[in-house]
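Accompanying notes for the structure given below.
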Protein chains: 2
Amino acid sequence: MNTVATPKIPQISRISGVAATRSIEKIDAIDTKSRILDAAEELFMEHGFEATSLRLITTAANVNLAAANYHFGSKEELFQAVFTRRLDPMNRDRVALLTTYEAAAAVNPKTHALTCEKIISAMFIPALKMARDQEQGGKNFLRLLGRAYADPAPFIREFLSSQYAEMLGRFRAAFGRALPHIPREEVSWRLHFVMGALSFTLAGTDVLKMIAQYHPNEVENDELLLKRLAPFLAAGLRAPVGSAGDEHQWFNDA
Amino acid sequence: MNTVATPKIPQISRISGVAATRSIEKIDAIDTKSRILDAAEELFMEHGFEATSLRLITTAANVNLAAANYHFGSKEELFQAVFTRRLDPMNRDRVALLTTYEAAAAVNPKTHALTCEKIISAMFIPALKMARDQEQGGKNFLRLLGRAYADPAPFIREFLSSQYAEMLGRFRAAFGRALPHIPREEVSWRLHFVMGALSFTLAGTDVLKMIAQYHPNEVENDELLLKRLAPFLAAGLRAPVGSAGDEHQWFNDA
DNA sequence: GCTCATTTAAAACGACTGTTTGAATTTGTT
DNA sequence: AACAAATTCAAACAGTCGTTTTAAATGAGC
């Protein structure tokens, strides 16, 4: 049938020109659906949801424009597919790791107590694993995730809310047991602050470069960053909760 | 010339329909430039920069479409004008308050020591003042500010970077003096985490409602929120810095 | 052979975007 | 009142957007 069987694969085979060293296999080796997901992941991270057009994505992925709507239905569904591909397994890993720690603590509460550090580890280790996962777009996704937290689009907020509900419920309960002297409401708020610092850190905007001008190039990777963040958050979680009268200690002259 | 001089003023006079109780005076009472700024502030907060069109803004402000470009030049310049109107004075207040505290500490180091709590107060009190400022769009602006931190648009990041550079430099130095046992590099990172938790909290997306389901309506205002956040951050800033070997305490089995 | 899901191609759809234009109008100053 | 500057207005500009539709290929499985 086909004369030479040249499948009309175009020449351009890189997404944004940054990691062009092995982007050839990265894009061409997989099917159309995955190519779209990879390109969308990178471009959504780089420009946000609204500013990233389907034409930009399909051009970067070397697929036809109609393929995006054919495989995912709409732009919003494509966005959600980018998230579920990685966020769902990561949050499952988090819950599984927490369950492992809880079981170990139940067997031997002395040597394997479920401290704040342990619980934070259960949150961070799956994120670390993704940050280290270079061949996958792990870093890209973490940045994208951090930015999606602050996105005002209602469908994004509702989607993330449903994706995180189960995991956050389990971790809130765990922190509550690890911090029995702190009211549950206060624990919820502090868990909120933890998520804020985590997402802001993972988002890694250029504000980061402004504040910490100590990195010459790309030395400060996400792994070192999280190792700095963890003790900070653990100390904050354990902070003595101010009583009603203590409100005057803060902002008394505001 | 004109027959009846009906100035063709449209009828609609509310921005988003939410706070419609006194939005009539709020919009009509001031000049065109301020009306555009107010409407832009609210709509940028609600939908983000890309998803907010100039037609949406000018319609909400009851002004002509061309008035936006006439007064501000471009959409980007309008966005920056929305920020400079409030962010510039707020950051000036922060630096001024810190200077006051430093002077008091220099006079009497015993009774007015420049603790972490004091420095955090200098950051938070001006933000609190804006959150309380109801007749101004204080709350709107804080939300907008929190979201702009995570916006990927380059012009937004560069703009915020320049706007914050001076203030953050002063506060980094202050924290460095208040925490002499912590390396300056570590202080920079912790200041970064502080900004992250602060902006995430101020952004106040619906993720907030997911995590802390304790608020019946709007009881948890920004003021109470910041009072919960401050002790958390102060404890994190003072956290013992892990030595080189302590890295194995965290994520050793990742 | 045939079917059927997948993919490409090219074009068009209506709607929306930021920006500009030139005339009409208002405003402030003489 | 008259002139000049500032402002507002409706309309149009040249694009881009997400999505759909047409058609023609491709390749695997029964």
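Every chain in the structure tokens takes a letter, A first, then B, and so on in the order presented; its residues are numbered from 1, and the ligands are numbered from 1 following the presented order.
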
### Message
So that I can check the surroundings of DA10 of chain C, please list as an NGL selection string every protein, DNA and RNA residue that reaches within 12 Å of it, counting only C-alpha atoms (C1' of nucleotides) and ignoring chain neighbours fewer than 5 positions away.
### Response
(:A and (64-66)) or (:D and (21-24))

Which residues of chain A have any atom within 12 Å of an atom in chain C when counting only C-alpha atoms (C1' of nucleotides), and what is the closest pair of atoms for each, with the distance in Å to one decimal? Order the rows by chain and rising number and write it as CSV.
```
residue,atom,partner,partner_atom,distance
A:Pro7,CA,C:DT8,C1',10.7
A:Lys8,CA,C:DT8,C1',9.5
A:Ile9,CA,C:DT8,C1',10.9
A:Asp31,CA,C:DT6,C1',10.7
A:Thr32,CA,C:DT7,C1',8.6
A:Lys33,CA,C:DT6,C1',10.7
A:Ala51,CA,C:DT17,C1',11.9
A:Asn62,CA,C:DT8,C1',11.0
A:Val63,CA,C:DT8,C1',8.3
A:Asn64,CA,C:DT8,C1',6.4
A:Leu65,CA,C:DT8,C1',9.4
A:Ala66,CA,C:DT8,C1',8.9
A:Ala67,CA,C:DT7,C1',7.4
A:Ala68,CA,C:DT7,C1',11.1
A:Tyr70,CA,C:DT6,C1',9.6
A:His71,CA,C:DT6,C1',9.8
```

Proximity check chain D to chain B, 10 Å, nearest pairs one decimal Å, only C-alpha atoms (C1' of nucleotides), as a Markdown table:
```
| residue | atom | partner | partner_atom | distance |
| --- | --- | --- | --- | --- |
| D:DT7 | C1' | B:Ala67 | CA | 8.5 |
| D:DT8 | C1' | B:Asn64 | CA | 7.0 |
| D:DC9 | C1' | B:Asn64 | CA | 7.1 |
| D:DA10 | C1' | B:Asn64 | CA | 9.4 |
```

### Message
Please compute the atom CA of Val82 of chain A-atom CA of His192 of chain B distance, one decimal, in Å.
### Response
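Going from atom CA of Val82 of chain A over to atom CA of His192 of chain B covers 28.1 Å.
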
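Of the listed residues A:Ser161, A:Asn108, A:Thr84, A:Ser53, the one whose atoms come nearest to chain B is A:Ser161, with distances taken using only C-alpha atoms.
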
### Message
Taking the DSSP secondary structure from the backbone, can you list the residues of segment 19-115 of chain A that are helix (DSSP H, G or I), as a ChimeraX atom specification?
### Response
/A:23-28,32-47,54-60,65-72,75-107

Put those residues in a file: C-alpha atoms, as a PDB file, in the first residue's frame.
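Result file is part.pdb:
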```pdb
ATOM      1  CA  SER A  23      13.592  15.500  24.032  1.00  0.00           C
ATOM      2  CA  ILE A  24      13.524  13.554  20.802  1.00  0.00           C
ATOM      3  CA  GLU A  25      12.607  10.299  22.437  1.00  0.00           C
ATOM      4  CA  LYS A  26      10.603  12.161  25.004  1.00  0.00           C
ATOM      5  CA  ILE A  27       8.109  13.359  22.440  1.00  0.00           C
ATOM      6  CA  ASP A  28       8.220  11.017  19.505  1.00  0.00           C
ATOM      7  CA  THR A  32      -0.501  10.967  20.434  1.00  0.00           C
ATOM      8  CA  LYS A  33      -2.427  11.128  23.673  1.00  0.00           C
ATOM      9  CA  SER A  34       0.720  11.137  25.799  1.00  0.00           C
ATOM     10  CA  ARG A  35       2.424  13.631  23.533  1.00  0.00           C
ATOM     11  CA  ILE A  36      -0.455  16.029  24.056  1.00  0.00           C
ATOM     12  CA  LEU A  37      -0.352  15.487  27.809  1.00  0.00           C
ATOM     13  CA  ASP A  38       3.398  16.124  27.990  1.00  0.00           C
ATOM     14  CA  ALA A  39       3.248  19.278  25.916  1.00  0.00           C
ATOM     15  CA  ALA A  40       0.206  20.534  27.827  1.00  0.00           C
ATOM     16  CA  GLU A  41       1.943  19.906  31.142  1.00  0.00           C
ATOM     17  CA  GLU A  42       4.934  21.978  30.180  1.00  0.00           C
ATOM     18  CA  LEU A  43       3.004  24.801  28.546  1.00  0.00           C
ATOM     19  CA  PHE A  44       0.357  25.068  31.262  1.00  0.00           C
ATOM     20  CA  MET A  45       3.167  25.357  33.777  1.00  0.00           C
ATOM     21  CA  GLU A  46       4.929  27.983  31.709  1.00  0.00           C
ATOM     22  CA  HIS A  47       2.026  30.233  30.775  1.00  0.00           C
ATOM     23  CA  LEU A  54      -4.677  24.472  22.147  1.00  0.00           C
ATOM     24  CA  ARG A  55      -2.854  25.455  18.997  1.00  0.00           C
ATOM     25  CA  LEU A  56       0.294  26.063  21.021  1.00  0.00           C
ATOM     26  CA  ILE A  57      -0.040  22.674  22.694  1.00  0.00           C
ATOM     27  CA  THR A  58      -0.763  20.652  19.574  1.00  0.00           C
ATOM     28  CA  THR A  59       2.016  22.381  17.649  1.00  0.00           C
ATOM     29  CA  ALA A  60       4.530  21.610  20.397  1.00  0.00           C
ATOM     30  CA  LEU A  65      -5.203  20.529  16.404  1.00  0.00           C
ATOM     31  CA  ALA A  66      -8.309  18.386  16.259  1.00  0.00           C
ATOM     32  CA  ALA A  67      -6.543  15.564  18.098  1.00  0.00           C
ATOM     33  CA  ALA A  68      -6.789  17.466  21.367  1.00  0.00           C
ATOM     34  CA  ASN A  69     -10.550  17.707  21.245  1.00  0.00           C
ATOM     35  CA  TYR A  70     -10.793  14.199  19.866  1.00  0.00           C
ATOM     36  CA  HIS A  71      -8.964  12.618  22.790  1.00  0.00           C
ATOM     37  CA  PHE A  72      -9.955  14.870  25.656  1.00  0.00           C
ATOM     38  CA  LYS A  75      -9.525  22.212  26.966  1.00  0.00           C
ATOM     39  CA  GLU A  76     -10.753  21.956  30.544  1.00  0.00           C
ATOM     40  CA  GLU A  77     -10.872  18.186  30.372  1.00  0.00           C
ATOM     41  CA  LEU A  78      -7.360  18.145  28.969  1.00  0.00           C
ATOM     42  CA  PHE A  79      -6.235  20.256  31.904  1.00  0.00           C
ATOM     43  CA  GLN A  80      -7.821  17.843  34.345  1.00  0.00           C
ATOM     44  CA  ALA A  81      -6.273  14.890  32.537  1.00  0.00           C
ATOM     45  CA  VAL A  82      -2.836  16.468  32.976  1.00  0.00           C
ATOM     46  CA  PHE A  83      -3.459  16.535  36.710  1.00  0.00           C
ATOM     47  CA  THR A  84      -5.081  13.181  37.281  1.00  0.00           C
ATOM     48  CA  ARG A  85      -2.222  11.464  35.490  1.00  0.00           C
ATOM     49  CA  ARG A  86       0.242  12.416  38.235  1.00  0.00           C
ATOM     50  CA  LEU A  87      -1.666  13.918  41.150  1.00  0.00           C
ATOM     51  CA  ASP A  88      -3.856  10.905  41.714  1.00  0.00           C
ATOM     52  CA  PRO A  89      -0.961   8.429  42.129  1.00  0.00           C
ATOM     53  CA  MET A  90       1.014  10.901  44.236  1.00  0.00           C
ATOM     54  CA  ASN A  91      -1.793  11.452  46.704  1.00  0.00           C
ATOM     55  CA  ARG A  92      -2.397   7.709  46.847  1.00  0.00           C
ATOM     56  CA  ASP A  93       1.273   7.225  47.712  1.00  0.00           C
ATOM     57  CA  ARG A  94       0.977   9.812  50.429  1.00  0.00           C
ATOM     58  CA  VAL A  95      -1.959   8.086  52.067  1.00  0.00           C
ATOM     59  CA  ALA A  96      -0.291   4.682  51.703  1.00  0.00           C
ATOM     60  CA  LEU A  97       2.904   5.927  53.319  1.00  0.00           C
ATOM     61  CA  LEU A  98       0.976   7.478  56.172  1.00  0.00           C
ATOM     62  CA  THR A  99      -0.849   4.201  56.677  1.00  0.00           C
ATOM     63  CA  THR A 100       2.483   2.398  56.840  1.00  0.00           C
ATOM     64  CA  TYR A 101       3.773   4.783  59.470  1.00  0.00           C
ATOM     65  CA  GLU A 102       0.588   4.489  61.494  1.00  0.00           C
ATOM     66  CA  ALA A 103       0.828   0.715  61.440  1.00  0.00           C
ATOM     67  CA  ALA A 104       4.438   0.826  62.581  1.00  0.00           C
ATOM     68  CA  ALA A 105       3.502   3.211  65.363  1.00  0.00           C
ATOM     69  CA  ALA A 106       0.709   0.919  66.468  1.00  0.00           C
ATOM     70  CA  VAL A 107       3.109  -2.014  66.739  1.00  0.00           C
TER      71      VAL A 107
END
```
